[in-house]
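This report refers to the structure that appears directly beneath it.
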Amino acid sequence: MSATYGAEKQIAIAAVRRACVLTASVFNKLVKQETLTKDDKSPVTVGDYSAQAVINTILGRTFPQDPIVGEEDAADLRGDAGTVLRERIVQLANETLTAPLVDGEKEEWGLGPSQTQTADELLDAIDRGNYEGSRTGRFWTLDPIDGTKGFLRGEQYAVCLALVVDARVELGVMGCPNLPVSAADPTGPRGCIFVAVRGQGAFQLPLDDPLSAVGTRLTIPASTPETLNFLESVEKAHAKLSFNERVAQILGVRRPPTRMDSQAKYCSLARGDGGVYLRMPTGVGYKEKIWDHASGSVLVEEAGGMISDGRGQPLDFGLGRTLGENYGVVGAGKDVHGKVIAAVLRARSEEEAEKL
């Protein structure tokens with residue numbers, strides 16, 4: 001097997017695992033007063049900032065020349081107004097970075113008891129995520145807590161990290177602390193890491209030991225109308241669910257949709273827990289962010305699936321911080337992807353006809 005991106009894979013897994021430990025540990029301590037609000041009204045928690053500080057610190061030590069497209073910046077944390085939140089983030093990030101090494105980790109990655117960072121170093125690490133993206137060269141893209149509302153509810157969220165090279169996602173790692181290890185046992189053990197390197201397959205690893213475990217190779221199974229169902233967002237603002245219902249009718253889908261927050265939907269699709277990921281825009285002009293889809297797209301493709309926009313065109317990760325004019329996102333097994341696109345186009349034509 002090719003060792004391409006072998007170092008990047010191990011370091012990304014280690015970074016995501018530590019961020020998952022951090023986010024899981026702060027969940028029970030989180031109160032509404034500690035939640036910030038961004039311009040787009042999505043909540044950003046202390047866990048978001050702390051996780052980005054941890055992952056960017058590790059990437060800064062291991063790949064200092066690689067820029068990062070991240071969701072957060074540290075502007076709200078600087079100055080007197082951010083003192084309380086800043087101190088909490090510094091404490092949490094340092095607790096996570098200085099925890100003892102586990103099998104597979106290395107001190108030179110910026111990990112271990114001697115790796116305490118100053119507040120300025122951690123704020124600067126957060127701000128390393130301000131890169132605007134590029135058509136050429138390498139960069140990482142990070143969503144430290146994808147599915148913030150799911151996180152706040154104690155439901156599904158994901159720590160998502162991807163490496164993009166010349167506008168193509170080459171590596172994706174997603175940590176899902178609340179996702180059942182097996183969908184067949186929804187009340188059983190929880191906590192998974194999903195990883196894919198282009199050309200090397202997609203794998204599920206245990207969250208508590210992802211660097212040593214062999215992992216389970218993931219393959220999307222064939223679907224029938226009886227077994228097919230949709231993986232959709234919980235939040236109605238994130239996807240046009242009424243449109244999805246019409247697409248399901250056209251396809252003859254009989255099972256109800258599975259709704260969950262975050263890129264955990266991509267993980268579920270990759271391991272066969274649902275047949276179609278469908279996210280259509282709720283309004284004109286919305287542009288999907290690259291960090292919301294980079295990791296999941298390579299995972300699904302390496303599990304034998306296909307990812308495109310709602311018109312069947314490839315997702316373009318070389319346009320900057322968004323996917324540009326891509327019309328929604330469709331992910332499915334190769335056997336049904338074309339049928340889903342045809343159903344989406346038919347449903348769109350019906351919508352347009354109703355406007356006349």
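Chain labels A, B, ... are given in the sequence in which chains occur in the structure tokens; within each chain residues are numbered consecutively from 1, and ligands are likewise numbered from 1 in the order shown.
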
Item checked: Selection: 9 Å around segment 320-334 of chain A, only C-alpha atoms, excl. self and same-chain fewer than 5 positions, as a PyMOL selection string -> chain A and resi 69-70+131-135+141+220-223+239+266+269-270+274-281+285-291+293+297+300-301+303-315+340-341

Checklist line | Residues flagged strand (DSSP E or B) by DSSP in segment 98-247 of chain A, as a ChimeraX atom specification | finding: /A:130,138-146,158-165,168-180,190-197,202-206,216-217,230-232

Any chance you could export the current selection's C-alpha atoms as a PDB file, in the first residue's frame?
ATOM      1  CA  ASN A 130      -7.569  32.804   8.352  1.00  0.00           C
ATOM      2  CA  ARG A 138      -1.462  22.553  -0.051  1.00  0.00           C
ATOM      3  CA  PHE A 139      -3.724  23.737   2.719  1.00  0.00           C
ATOM      4  CA  TRP A 140      -5.737  22.253   5.568  1.00  0.00           C
ATOM      5  CA  THR A 141      -9.363  23.044   6.249  1.00  0.00           C
ATOM      6  CA  LEU A 142     -10.841  22.658   9.714  1.00  0.00           C
ATOM      7  CA  ASP A 143     -14.223  22.745  11.402  1.00  0.00           C
ATOM      8  CA  PRO A 144     -13.436  22.302  15.110  1.00  0.00           C
ATOM      9  CA  ILE A 145     -17.059  21.542  16.020  1.00  0.00           C
ATOM     10  CA  ASP A 146     -19.215  20.817  12.992  1.00  0.00           C
ATOM     11  CA  ALA A 158     -17.930  16.107  14.407  1.00  0.00           C
ATOM     12  CA  VAL A 159     -14.381  17.432  14.554  1.00  0.00           C
ATOM     13  CA  CYS A 160     -13.426  17.681  10.876  1.00  0.00           C
ATOM     14  CA  LEU A 161      -9.967  18.118   9.369  1.00  0.00           C
ATOM     15  CA  ALA A 162      -8.975  17.743   5.729  1.00  0.00           C
ATOM     16  CA  LEU A 163      -5.882  18.261   3.579  1.00  0.00           C
ATOM     17  CA  VAL A 164      -6.501  19.830   0.166  1.00  0.00           C
ATOM     18  CA  VAL A 165      -3.799  19.690  -2.507  1.00  0.00           C
ATOM     19  CA  ARG A 168      -8.521  18.144  -4.486  1.00  0.00           C
ATOM     20  CA  VAL A 169      -9.174  16.691  -1.034  1.00  0.00           C
ATOM     21  CA  GLU A 170      -6.447  14.112  -0.422  1.00  0.00           C
ATOM     22  CA  LEU A 171      -7.016  13.323   3.255  1.00  0.00           C
ATOM     23  CA  GLY A 172     -10.033  13.568   5.524  1.00  0.00           C
ATOM     24  CA  VAL A 173     -10.316  12.809   9.243  1.00  0.00           C
ATOM     25  CA  MET A 174     -13.521  13.146  11.261  1.00  0.00           C
ATOM     26  CA  GLY A 175     -14.023  12.491  14.942  1.00  0.00           C
ATOM     27  CA  CYS A 176     -17.566  11.711  16.106  1.00  0.00           C
ATOM     28  CA  PRO A 177     -17.589  11.361  19.908  1.00  0.00           C
ATOM     29  CA  ASN A 178     -21.333  10.659  20.160  1.00  0.00           C
ATOM     30  CA  LEU A 179     -21.808   8.392  17.147  1.00  0.00           C
ATOM     31  CA  PRO A 180     -22.551   4.760  18.033  1.00  0.00           C
ATOM     32  CA  ARG A 190     -20.028   5.503  21.225  1.00  0.00           C
ATOM     33  CA  GLY A 191     -17.067   7.322  19.756  1.00  0.00           C
ATOM     34  CA  CYS A 192     -15.489   6.837  16.321  1.00  0.00           C
ATOM     35  CA  ILE A 193     -12.852   8.363  14.098  1.00  0.00           C
ATOM     36  CA  PHE A 194     -13.243   8.095  10.338  1.00  0.00           C
ATOM     37  CA  VAL A 195     -10.276   8.518   8.010  1.00  0.00           C
ATOM     38  CA  ALA A 196      -9.713   8.381   4.271  1.00  0.00           C
ATOM     39  CA  VAL A 197      -6.651   8.986   2.130  1.00  0.00           C
ATOM     40  CA  ALA A 202     -12.014   4.633   4.007  1.00  0.00           C
ATOM     41  CA  PHE A 203     -11.788   3.319   7.571  1.00  0.00           C
ATOM     42  CA  GLN A 204     -13.542   3.547  10.927  1.00  0.00           C
ATOM     43  CA  LEU A 205     -11.308   3.596  14.012  1.00  0.00           C
ATOM     44  CA  PRO A 206     -12.097   3.515  17.738  1.00  0.00           C
ATOM     45  CA  THR A 216     -12.650  -1.349   9.822  1.00  0.00           C
ATOM     46  CA  ARG A 217     -12.691  -0.753   6.090  1.00  0.00           C
ATOM     47  CA  PHE A 230     -32.053   9.842   3.228  1.00  0.00           C
ATOM     48  CA  LEU A 231     -29.544  11.326   5.665  1.00  0.00           C
ATOM     49  CA  GLU A 232     -30.662  14.884   6.373  1.00  0.00           C
TER      50      GLU A 232
END

Item checked: Distance query Ala119 of chain A at most 7 Å, only C-alpha atoms, self and fewer than 3 positions along chain excluded, as a list of chain:residue names ->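 Contacts, in chain order: A:Val90, A:Leu122, A:Leu123.
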
Next item on the list: Enumerate as number ranges by chain all residues of segment 162-284 of chain A assigned to helix (DSSP H, G or I) by DSSP on the backbone, naming them with the chain letters and numbers the document uses.
Entry: A: 236-238, 241-251, 264-270

Go ahead and save the picked residues with N, CA and C atoms, as a PDB file, in the first residue's frame.
ATOM      1  N   LYS A 236     -33.877  22.786  10.073  1.00  0.00           N
ATOM      2  CA  LYS A 236     -34.553  23.092   8.813  1.00  0.00           C
ATOM      3  C   LYS A 236     -33.857  24.212   8.049  1.00  0.00           C
ATOM      4  N   ALA A 237     -33.155  25.075   8.767  1.00  0.00           N
ATOM      5  CA  ALA A 237     -32.463  26.181   8.106  1.00  0.00           C
ATOM      6  C   ALA A 237     -31.286  25.703   7.271  1.00  0.00           C
ATOM      7  N   HIS A 238     -30.826  24.461   7.511  1.00  0.00           N
ATOM      8  CA  HIS A 238     -29.624  23.965   6.839  1.00  0.00           C
ATOM      9  C   HIS A 238     -29.929  23.259   5.518  1.00  0.00           C
ATOM     10  N   LEU A 241     -35.958  20.597   3.439  1.00  0.00           N
ATOM     11  CA  LEU A 241     -36.432  19.249   3.707  1.00  0.00           C
ATOM     12  C   LEU A 241     -37.686  18.906   2.898  1.00  0.00           C
ATOM     13  N   SER A 242     -38.539  19.889   2.590  1.00  0.00           N
ATOM     14  CA  SER A 242     -39.721  19.605   1.775  1.00  0.00           C
ATOM     15  C   SER A 242     -39.310  19.162   0.370  1.00  0.00           C
ATOM     16  N   PHE A 243     -38.251  19.759  -0.134  1.00  0.00           N
ATOM     17  CA  PHE A 243     -37.716  19.352  -1.442  1.00  0.00           C
ATOM     18  C   PHE A 243     -37.217  17.916  -1.365  1.00  0.00           C
ATOM     19  N   ASN A 244     -36.523  17.591  -0.270  1.00  0.00           N
ATOM     20  CA  ASN A 244     -36.023  16.230  -0.087  1.00  0.00           C
ATOM     21  C   ASN A 244     -37.161  15.219  -0.107  1.00  0.00           C
ATOM     22  N   GLU A 245     -38.290  15.582   0.506  1.00  0.00           N
ATOM     23  CA  GLU A 245     -39.446  14.677   0.536  1.00  0.00           C
ATOM     24  C   GLU A 245     -39.933  14.373  -0.878  1.00  0.00           C
ATOM     25  N   ARG A 246     -39.956  15.384  -1.733  1.00  0.00           N
ATOM     26  CA  ARG A 246     -40.387  15.168  -3.109  1.00  0.00           C
ATOM     27  C   ARG A 246     -39.396  14.287  -3.860  1.00  0.00           C
ATOM     28  N   VAL A 247     -38.113  14.501  -3.648  1.00  0.00           N
ATOM     29  CA  VAL A 247     -37.103  13.658  -4.295  1.00  0.00           C
ATOM     30  C   VAL A 247     -37.275  12.209  -3.852  1.00  0.00           C
ATOM     31  N   ALA A 248     -37.534  12.017  -2.561  1.00  0.00           N
ATOM     32  CA  ALA A 248     -37.745  10.666  -2.044  1.00  0.00           C
ATOM     33  C   ALA A 248     -38.955  10.009  -2.696  1.00  0.00           C
ATOM     34  N   GLN A 249     -40.029  10.784  -2.895  1.00  0.00           N
ATOM     35  CA  GLN A 249     -41.220  10.251  -3.554  1.00  0.00           C
ATOM     36  C   GLN A 249     -40.903   9.800  -4.974  1.00  0.00           C
ATOM     37  N   ILE A 250     -40.158  10.628  -5.698  1.00  0.00           N
ATOM     38  CA  ILE A 250     -39.802  10.294  -7.082  1.00  0.00           C
ATOM     39  C   ILE A 250     -38.989   9.000  -7.131  1.00  0.00           C
ATOM     40  N   LEU A 251     -38.109   8.822  -6.162  1.00  0.00           N
ATOM     41  CA  LEU A 251     -37.247   7.633  -6.123  1.00  0.00           C
ATOM     42  C   LEU A 251     -37.962   6.405  -5.572  1.00  0.00           C
ATOM     43  N   ALA A 264     -21.263  13.921  10.485  1.00  0.00           N
ATOM     44  CA  ALA A 264     -21.546  12.542  10.897  1.00  0.00           C
ATOM     45  C   ALA A 264     -22.443  11.853   9.871  1.00  0.00           C
ATOM     46  N   LYS A 265     -23.225  12.638   9.111  1.00  0.00           N
ATOM     47  CA  LYS A 265     -24.052  12.053   8.045  1.00  0.00           C
ATOM     48  C   LYS A 265     -23.177  11.398   6.985  1.00  0.00           C
ATOM     49  N   TYR A 266     -22.081  12.031   6.629  1.00  0.00           N
ATOM     50  CA  TYR A 266     -21.156  11.434   5.666  1.00  0.00           C
ATOM     51  C   TYR A 266     -20.593  10.126   6.215  1.00  0.00           C
ATOM     52  N   CYS A 267     -20.265  10.119   7.497  1.00  0.00           N
ATOM     53  CA  CYS A 267     -19.716   8.908   8.124  1.00  0.00           C
ATOM     54  C   CYS A 267     -20.742   7.790   8.091  1.00  0.00           C
ATOM     55  N   SER A 268     -21.992   8.127   8.382  1.00  0.00           N
ATOM     56  CA  SER A 268     -23.053   7.134   8.354  1.00  0.00           C
ATOM     57  C   SER A 268     -23.256   6.591   6.942  1.00  0.00           C
ATOM     58  N   LEU A 269     -23.212   7.471   5.949  1.00  0.00           N
ATOM     59  CA  LEU A 269     -23.337   7.031   4.564  1.00  0.00           C
ATOM     60  C   LEU A 269     -22.205   6.091   4.194  1.00  0.00           C
ATOM     61  N   ALA A 270     -20.992   6.440   4.584  1.00  0.00           N
ATOM     62  CA  ALA A 270     -19.822   5.643   4.203  1.00  0.00           C
ATOM     63  C   ALA A 270     -19.875   4.228   4.765  1.00  0.00           C
TER      64      ALA A 270
END

Next item on the list: List the neighbours of Arg128 of chain A out to 10 Å using only C-alpha atoms; skip same-chain residues closer than 3 positions along the sequence, and give me the result as number ranges by chain.
Entry: A: 52-53, 56-57, 59-60, 66-70, 72-74, 122-125, 131

Can you pull out the residues contacting Asp261 of chain A? Cut-off 7 Å, using only C-alpha atoms, and skip same-chain residues under 2 positions away; I want them as a PDB file with all heavy atoms, in the first residue's frame.
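Result file is around12.pdb:
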ATOM      1  N   GLY A 147     -21.575  21.066  13.506  1.00  0.00           N
ATOM      2  CA  GLY A 147     -22.827  20.674  14.133  1.00  0.00           C
ATOM      3  C   GLY A 147     -22.911  21.194  15.552  1.00  0.00           C
ATOM      4  O   GLY A 147     -23.144  20.452  16.500  1.00  0.00           O
ATOM      5  N   GLY A 150     -26.019  20.370  17.525  1.00  0.00           N
ATOM      6  CA  GLY A 150     -26.010  18.981  17.972  1.00  0.00           C
ATOM      7  C   GLY A 150     -25.109  18.802  19.180  1.00  0.00           C
ATOM      8  O   GLY A 150     -25.436  18.069  20.126  1.00  0.00           O
ATOM      9  N   GLN A 156     -25.316  14.600  17.794  1.00  0.00           N
ATOM     10  CA  GLN A 156     -24.212  14.395  16.864  1.00  0.00           C
ATOM     11  C   GLN A 156     -23.484  15.690  16.507  1.00  0.00           C
ATOM     12  O   GLN A 156     -24.109  16.709  16.208  1.00  0.00           O
ATOM     13  CB  GLN A 156     -24.715  13.704  15.594  1.00  0.00           C
ATOM     14  CG  GLN A 156     -25.246  12.309  15.828  1.00  0.00           C
ATOM     15  CD  GLN A 156     -24.315  11.433  16.627  1.00  0.00           C
ATOM     16  OE1 GLN A 156     -23.091  11.492  16.459  1.00  0.00           O
ATOM     17  NE2 GLN A 156     -24.866  10.618  17.515  1.00  0.00           N
ATOM     18  N   TYR A 157     -22.167  15.624  16.560  1.00  0.00           N
ATOM     19  CA  TYR A 157     -21.290  16.662  16.043  1.00  0.00           C
ATOM     20  C   TYR A 157     -20.011  15.976  15.594  1.00  0.00           C
ATOM     21  O   TYR A 157     -19.816  14.781  15.855  1.00  0.00           O
ATOM     22  CB  TYR A 157     -21.002  17.743  17.087  1.00  0.00           C
ATOM     23  CG  TYR A 157     -20.099  17.314  18.222  1.00  0.00           C
ATOM     24  CD1 TYR A 157     -18.731  17.594  18.189  1.00  0.00           C
ATOM     25  CD2 TYR A 157     -20.600  16.641  19.334  1.00  0.00           C
ATOM     26  CE1 TYR A 157     -17.895  17.214  19.234  1.00  0.00           C
ATOM     27  CE2 TYR A 157     -19.776  16.262  20.376  1.00  0.00           C
ATOM     28  CZ  TYR A 157     -18.417  16.546  20.324  1.00  0.00           C
ATOM     29  OH  TYR A 157     -17.598  16.162  21.351  1.00  0.00           O
ATOM     30  N   SER A 233     -30.232  16.970   7.487  1.00  0.00           N
ATOM     31  CA  SER A 233     -29.940  17.836   8.620  1.00  0.00           C
ATOM     32  C   SER A 233     -31.120  17.875   9.588  1.00  0.00           C
ATOM     33  O   SER A 233     -32.282  17.766   9.187  1.00  0.00           O
ATOM     34  CB  SER A 233     -29.648  19.264   8.145  1.00  0.00           C
ATOM     35  OG  SER A 233     -28.522  19.289   7.294  1.00  0.00           O
ATOM     36  N   VAL A 234     -30.810  18.037  10.874  1.00  0.00           N
ATOM     37  CA  VAL A 234     -31.853  18.248  11.873  1.00  0.00           C
ATOM     38  C   VAL A 234     -32.456  19.635  11.704  1.00  0.00           C
ATOM     39  O   VAL A 234     -33.676  19.817  11.748  1.00  0.00           O
ATOM     40  CB  VAL A 234     -31.287  18.084  13.298  1.00  0.00           C
ATOM     41  CG1 VAL A 234     -32.326  18.464  14.346  1.00  0.00           C
ATOM     42  CG2 VAL A 234     -30.801  16.651  13.508  1.00  0.00           C
ATOM     43  N   ALA A 264     -21.263  13.921  10.485  1.00  0.00           N
ATOM     44  CA  ALA A 264     -21.546  12.542  10.897  1.00  0.00           C
ATOM     45  C   ALA A 264     -22.443  11.853   9.871  1.00  0.00           C
ATOM     46  O   ALA A 264     -22.409  10.620   9.735  1.00  0.00           O
ATOM     47  CB  ALA A 264     -22.188  12.513  12.280  1.00  0.00           C
TER      48      ALA A 264
END

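Residues surrounding Asp103 of chain A within 9 Å are Lys106, Asp209, Leu211 and Ser212 of chain A [only C-alpha atoms; sequence separation below 3 positions excluded].
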